[in-house]
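Beneath this line is the structure, given in structure tokens, with notes to follow.
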Amino acid sequence: MKYCFGVDIGGTTVKMGLFEATGTILEKWEIKTHTEEEGKAILPDVAASLKEKKAEHDLADADIIGVGVGVPAPVTEEGIVFGSANLGWKYKEVKKELEELTGLDVEVGNDANVAALGEMWKGGGRGYDSIVMVTLGTGVGGGVILQGKILTGCKGAGGEIGHMKVNMDETRVCGCGNKGCLEQYASATGIVNMAKENVPEGSYLADKKVTAKAVFDGAKEGDAYCMKVVEKFGRYLGVALSNVAHVVDPEAFVIGGGVSAAGQILLDVVEKYYNENSMFALKNKSFHLAELGNDAGIYGAVRMVLFK
């Protein structure tokens, strides 16, 4: 039996998994991400943990096909990162360094792209070779998978859907420095900001802390103001995904992240505005909720190695 490691490096923790070559997960665990001193300990810590896990399972290097890694930054096809604010990295040859530390073959990708690959393989995108995944959390992440491969882009920034410009008239500045980005309306933060603009008396939100969940809960209850905010959210995201489809023509869309917990109401409103704004050849794509949660990254990391 051959094995593979999946690694998902986040700003707080590094999630890791040991998989059989069939894609069956045997064990998963986490270690702390030490971002101090420009994150110099991160890759050595990962290598040490993998070495420890190999010893626990009595595995030799020859038993390991490789290590897949997702990182929160654009990554080139050569496994190079030119900067990651979340990890403290500046220029970092992730693939080369981790191969030297572990003696194993390593594949590296952007974390959102890698998560999309995981969802295509074992999650909400099962049965499709070409999907676009959107992750709606504090920000908006994205990943484009075409014919089973990550669309990386020349600088590793392919799939940065959250920073598509969707509102030419916006005056507020996005975290990326631009204005009118999708992330300002479709993230949990963006939904809250839209909802707080003018909460009317008697609204479902009037006596509650305004959160993305509360907005969707109110819409499910039929609250007119919450429904208006959800429609606004759906229009921005639906139009953005239509724009993406006009370029890459995927088979399906997979929506994940904390906001996706809203469920079918979210899919319905996004799909409505997607179809209203898509040309005839692109209408009626499949929309699905992500299924792997926080494990999507380690599954996708393994998929990169097994099908490179």
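Chain identifiers are assigned as A, B, and so on, following the order in which chains appear in the structure tokens; residues are numbered from 1 within each chain, and ligands are numbered from 1 in order of appearance.
Residues in contact with segment 141-150 of chain A at up to 8 Å, not including ones fewer than 6 positions away on its chain and judged by only C-alpha atoms, are Ala112, Asn113, Val114, Ala115, Ala116, Leu117, Met120, Asp129, Ser130, Ile131, Val132, Met133, Val134, Thr135, Gly158, Gly159, Glu160, Ile161, Gly162, Val248 and Pro250 of chain A.
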Write the residues of the preceding selection, restricted to N, CA and C atoms, as a short mmCIF file (atom, residue, chain, number, x, y, z; two decimals), in the first residue's frame.
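That gives us part-v3.cif:
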data_model
loop_
_atom_site.label_atom_id
_atom_site.label_comp_id
_atom_site.auth_asym_id
_atom_site.auth_seq_id
_atom_site.Cartn_x
_atom_site.Cartn_y
_atom_site.Cartn_z
N ALA A 112 -7.14 28.13 -1.48
CA ALA A 112 -8.50 28.12 -2.01
C ALA A 112 -8.60 27.22 -3.25
N ASN A 113 -7.58 27.28 -4.10
CA ASN A 113 -7.56 26.41 -5.27
C ASN A 113 -7.49 24.94 -4.87
N VAL A 114 -6.67 24.67 -3.87
CA VAL A 114 -6.50 23.29 -3.40
C VAL A 114 -7.80 22.79 -2.77
N ALA A 115 -8.47 23.64 -2.01
CA ALA A 115 -9.77 23.25 -1.44
C ALA A 115 -10.78 22.96 -2.53
N ALA A 116 -10.75 23.75 -3.59
CA ALA A 116 -11.65 23.51 -4.73
C ALA A 116 -11.38 22.14 -5.34
N LEU A 117 -10.11 21.81 -5.46
CA LEU A 117 -9.74 20.50 -6.00
C LEU A 117 -10.26 19.38 -5.11
N MET A 120 -13.97 18.99 -5.64
CA MET A 120 -14.23 18.32 -6.92
C MET A 120 -14.04 16.81 -6.79
N ASP A 129 -15.48 17.34 -13.71
CA ASP A 129 -14.06 17.59 -13.93
C ASP A 129 -13.72 19.07 -13.91
N SER A 130 -14.73 19.92 -14.13
CA SER A 130 -14.50 21.36 -14.22
C SER A 130 -15.49 22.09 -13.33
N ILE A 131 -14.99 22.71 -12.26
CA ILE A 131 -15.86 23.43 -11.34
C ILE A 131 -15.23 24.77 -10.96
N VAL A 132 -16.07 25.66 -10.51
CA VAL A 132 -15.62 26.88 -9.83
C VAL A 132 -16.13 26.80 -8.40
N MET A 133 -15.21 26.93 -7.46
CA MET A 133 -15.61 26.94 -6.05
C MET A 133 -15.45 28.33 -5.48
N VAL A 134 -16.42 28.75 -4.70
CA VAL A 134 -16.37 30.03 -4.01
C VAL A 134 -16.49 29.77 -2.52
N THR A 135 -15.59 30.35 -1.75
CA THR A 135 -15.61 30.19 -0.30
C THR A 135 -16.01 31.52 0.32
N GLY A 158 -4.59 32.91 -10.14
CA GLY A 158 -5.83 32.51 -10.79
C GLY A 158 -6.89 32.15 -9.75
N GLY A 159 -8.14 32.49 -10.04
CA GLY A 159 -9.23 32.12 -9.14
C GLY A 159 -9.48 33.11 -8.01
N GLU A 160 -8.85 34.28 -8.04
CA GLU A 160 -9.09 35.28 -6.98
C GLU A 160 -10.43 35.99 -7.22
N ILE A 161 -11.48 35.22 -7.14
CA ILE A 161 -12.83 35.71 -7.47
C ILE A 161 -13.26 36.85 -6.54
N GLY A 162 -12.83 36.79 -5.30
CA GLY A 162 -13.26 37.78 -4.31
C GLY A 162 -12.89 39.21 -4.66
N VAL A 248 -14.52 30.73 -18.28
CA VAL A 248 -14.02 29.36 -18.11
C VAL A 248 -15.05 28.27 -18.36
N PRO A 250 -17.46 26.38 -16.61
CA PRO A 250 -17.38 25.15 -15.80
C PRO A 250 -18.65 24.33 -15.92
#
| Spatial neighbours of Ser242 of chain A, 8 Å, only C-alpha atoms, chain gap at least 4 places, as a VMD selection string | chain A and resid 238 246 274 to 275 277 to 278
| Residue contacts of segment 200-207 of chain A (10 Å, only C-alpha atoms) excluding same-chain residues fewer than 6 positions away, as a PyMOL selection string | chain A and resi 214-215+217-219+221-226
| query | Could you write out, as a ChimeraX atom specification, all the residues of segment 99-296 of chain A that DSSP marks as strand (DSSP E or B)? | reply | /A:106-110,131-136,140-146,149-150,165,173,179,181,252-256,286-289
| field | Exercise: Lys28 of chain A partners within 10 Å, only C-alpha atoms, chain neighbours under 3 positions left out, as a list in words | value | Phe5, Gly6, Val7, Lys15, Met16, Gly17, Leu18, Phe19, Ile25, Asp295 and Ile298 of chain A
Just the selected residues (C-alpha atoms), exported as a short mmCIF file (atom, residue, chain, number, x, y, z; two decimals), in the first residue's frame, please.
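The file below, result_34.cif, is the result:
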data_model
loop_
_atom_site.label_atom_id
_atom_site.label_comp_id
_atom_site.auth_asym_id
_atom_site.auth_seq_id
_atom_site.Cartn_x
_atom_site.Cartn_y
_atom_site.Cartn_z
CA PHE A 5 0.26 13.37 3.13
CA GLY A 6 -2.05 16.36 2.75
CA VAL A 7 -1.08 19.65 4.41
CA LYS A 15 -4.06 20.86 9.24
CA MET A 16 -2.54 17.58 8.13
CA GLY A 17 -3.78 14.19 7.02
CA LEU A 18 -2.38 10.77 6.18
CA PHE A 19 -4.18 9.14 3.26
CA ILE A 25 -8.10 9.24 5.00
CA ASP A 295 -10.92 19.08 5.44
CA ILE A 298 -6.00 18.32 2.90
#
| task | Please measure the separation of atom CA of Gly256 of chain A and atom CA of Asn178 of chain A, giving the value in Å to one decimal. | result | 24.2 Å
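You will find atom CA of Gly66 of chain A at 27.5 Å from atom CA of Glu36 of chain A.
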| field | All helix (DSSP H, G or I) positions in segment 180-290 of chain A, as number ranges by chain | value | A: 183-186, 188-196, 212-220, 224-248, 258-262, 264-276, 280-282
| message | I'd like the neighbourhood of Pro74 of chain A as a PyMOL selection string, where a residue qualifies if any of its atoms comes within 7 Å (using only C-alpha atoms), though same-chain residues fewer than 6 positions away should be ignored. | response | chain A and resi 81+110+155-157
Take the residues that were just selected and, keeping C-alpha atoms, output them as a PDB file, in the first residue's frame.
ATOM      1  CA  VAL A  81       5.353  32.122  -2.955  1.00  0.00           C
ATOM      2  CA  ASN A 110      -2.966  28.199  -3.230  1.00  0.00           C
ATOM      3  CA  LYS A 155       1.644  34.559 -10.966  1.00  0.00           C
ATOM      4  CA  GLY A 156      -0.342  31.955  -9.048  1.00  0.00           C
ATOM      5  CA  ALA A 157      -3.294  34.314  -8.600  1.00  0.00           C
TER       6      ALA A 157
END
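Of the listed residues A:Thr35, A:Thr13, A:Thr22, A:Thr102, the one whose atoms come nearest to Lys54 of chain A is A:Thr102, with distances taken using only C-alpha atoms.
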| task | Do a neighbour search on Tyr236 of chain A at 9 Å with only C-alpha atoms, toss out local chain neighbours closer than 6 positions, and write the hits as a ChimeraX atom specification. | result | /A:166-167,182,185-186,270,273
Selection from above, all heavy atoms, as a PDB file, in the first residue's frame, can you write it?
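Produced file part26.pdb, reproduced below:
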ATOM      1  N   VAL A 166     -17.269  44.445  -8.912  1.00  0.00           N
ATOM      2  CA  VAL A 166     -18.691  44.254  -9.229  1.00  0.00           C
ATOM      3  C   VAL A 166     -19.521  45.522  -9.018  1.00  0.00           C
ATOM      4  O   VAL A 166     -20.700  45.554  -9.351  1.00  0.00           O
ATOM      5  CB  VAL A 166     -19.301  43.093  -8.400  1.00  0.00           C
ATOM      6  CG1 VAL A 166     -18.671  41.758  -8.801  1.00  0.00           C
ATOM      7  CG2 VAL A 166     -19.138  43.327  -6.900  1.00  0.00           C
ATOM      8  N   ASN A 167     -18.913  46.555  -8.449  1.00  0.00           N
ATOM      9  CA  ASN A 167     -19.638  47.818  -8.233  1.00  0.00           C
ATOM     10  C   ASN A 167     -18.712  48.978  -8.567  1.00  0.00           C
ATOM     11  O   ASN A 167     -17.797  49.315  -7.812  1.00  0.00           O
ATOM     12  CB  ASN A 167     -20.117  47.917  -6.790  1.00  0.00           C
ATOM     13  CG  ASN A 167     -20.945  49.168  -6.542  1.00  0.00           C
ATOM     14  OD1 ASN A 167     -21.090  50.025  -7.410  1.00  0.00           O
ATOM     15  ND2 ASN A 167     -21.498  49.276  -5.336  1.00  0.00           N
ATOM     16  N   LEU A 182     -16.095  42.052  -5.071  1.00  0.00           N
ATOM     17  CA  LEU A 182     -17.129  41.098  -4.658  1.00  0.00           C
ATOM     18  C   LEU A 182     -17.075  40.834  -3.156  1.00  0.00           C
ATOM     19  O   LEU A 182     -18.107  40.691  -2.497  1.00  0.00           O
ATOM     20  CB  LEU A 182     -16.968  39.792  -5.441  1.00  0.00           C
ATOM     21  CG  LEU A 182     -17.930  38.664  -5.078  1.00  0.00           C
ATOM     22  CD1 LEU A 182     -19.368  39.041  -5.385  1.00  0.00           C
ATOM     23  CD2 LEU A 182     -17.538  37.371  -5.810  1.00  0.00           C
ATOM     24  N   TYR A 185     -19.327  42.528  -0.624  1.00  0.00           N
ATOM     25  CA  TYR A 185     -20.778  42.282  -0.613  1.00  0.00           C
ATOM     26  C   TYR A 185     -21.150  40.820  -0.346  1.00  0.00           C
ATOM     27  O   TYR A 185     -22.231  40.554   0.179  1.00  0.00           O
ATOM     28  CB  TYR A 185     -21.393  42.712  -1.961  1.00  0.00           C
ATOM     29  CG  TYR A 185     -20.887  44.040  -2.427  1.00  0.00           C
ATOM     30  CD1 TYR A 185     -19.906  44.119  -3.402  1.00  0.00           C
ATOM     31  CD2 TYR A 185     -21.341  45.223  -1.846  1.00  0.00           C
ATOM     32  CE1 TYR A 185     -19.398  45.343  -3.811  1.00  0.00           C
ATOM     33  CE2 TYR A 185     -20.840  46.453  -2.249  1.00  0.00           C
ATOM     34  CZ  TYR A 185     -19.862  46.505  -3.237  1.00  0.00           C
ATOM     35  OH  TYR A 185     -19.365  47.709  -3.623  1.00  0.00           O
ATOM     36  N   ALA A 186     -20.279  39.893  -0.707  1.00  0.00           N
ATOM     37  CA  ALA A 186     -20.641  38.472  -0.613  1.00  0.00           C
ATOM     38  C   ALA A 186     -19.969  37.753   0.542  1.00  0.00           C
ATOM     39  O   ALA A 186     -20.298  36.597   0.823  1.00  0.00           O
ATOM     40  CB  ALA A 186     -20.302  37.762  -1.932  1.00  0.00           C
ATOM     41  N   VAL A 270     -28.559  32.900  -5.600  1.00  0.00           N
ATOM     42  CA  VAL A 270     -27.383  33.055  -6.456  1.00  0.00           C
ATOM     43  C   VAL A 270     -27.655  32.482  -7.848  1.00  0.00           C
ATOM     44  O   VAL A 270     -27.327  33.099  -8.869  1.00  0.00           O
ATOM     45  CB  VAL A 270     -26.154  32.377  -5.819  1.00  0.00           C
ATOM     46  CG1 VAL A 270     -24.956  32.416  -6.782  1.00  0.00           C
ATOM     47  CG2 VAL A 270     -25.791  33.060  -4.508  1.00  0.00           C
ATOM     48  N   TYR A 273     -29.870  34.869 -10.036  1.00  0.00           N
ATOM     49  CA  TYR A 273     -29.173  35.995 -10.664  1.00  0.00           C
ATOM     50  C   TYR A 273     -28.095  35.531 -11.642  1.00  0.00           C
ATOM     51  O   TYR A 273     -27.787  36.229 -12.617  1.00  0.00           O
ATOM     52  CB  TYR A 273     -28.594  36.928  -9.601  1.00  0.00           C
ATOM     53  CG  TYR A 273     -29.671  37.767  -8.964  1.00  0.00           C
ATOM     54  CD1 TYR A 273     -30.167  37.492  -7.689  1.00  0.00           C
ATOM     55  CD2 TYR A 273     -30.233  38.838  -9.656  1.00  0.00           C
ATOM     56  CE1 TYR A 273     -31.163  38.247  -7.110  1.00  0.00           C
ATOM     57  CE2 TYR A 273     -31.238  39.614  -9.087  1.00  0.00           C
ATOM     58  CZ  TYR A 273     -31.702  39.318  -7.823  1.00  0.00           C
ATOM     59  OH  TYR A 273     -32.702  40.071  -7.263  1.00  0.00           O
TER      60      TYR A 273
END
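Here atom CA of Leu289 of chain A stands at a distance of 20.2 Å from atom CA of Met227 of chain A.
The closest residue to Val229 of chain A, picked from A:Val269, A:Leu306, A:Ala261, A:Cys4 and counting only C-alpha atoms, is A:Val269.
If you measure from each of A:Leu136, A:Val230, A:Val239, A:Leu87 to Thr189 of chain A using only C-alpha atoms, the closest one turns out to be A:Leu136.
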| field | Gly137 of chain A surroundings by only C-alpha atoms, 8 Å radius, close-in-sequence under 2 positions cut, as a PyMOL selection string | value | chain A and resi 135+139-140+187-189+257-259
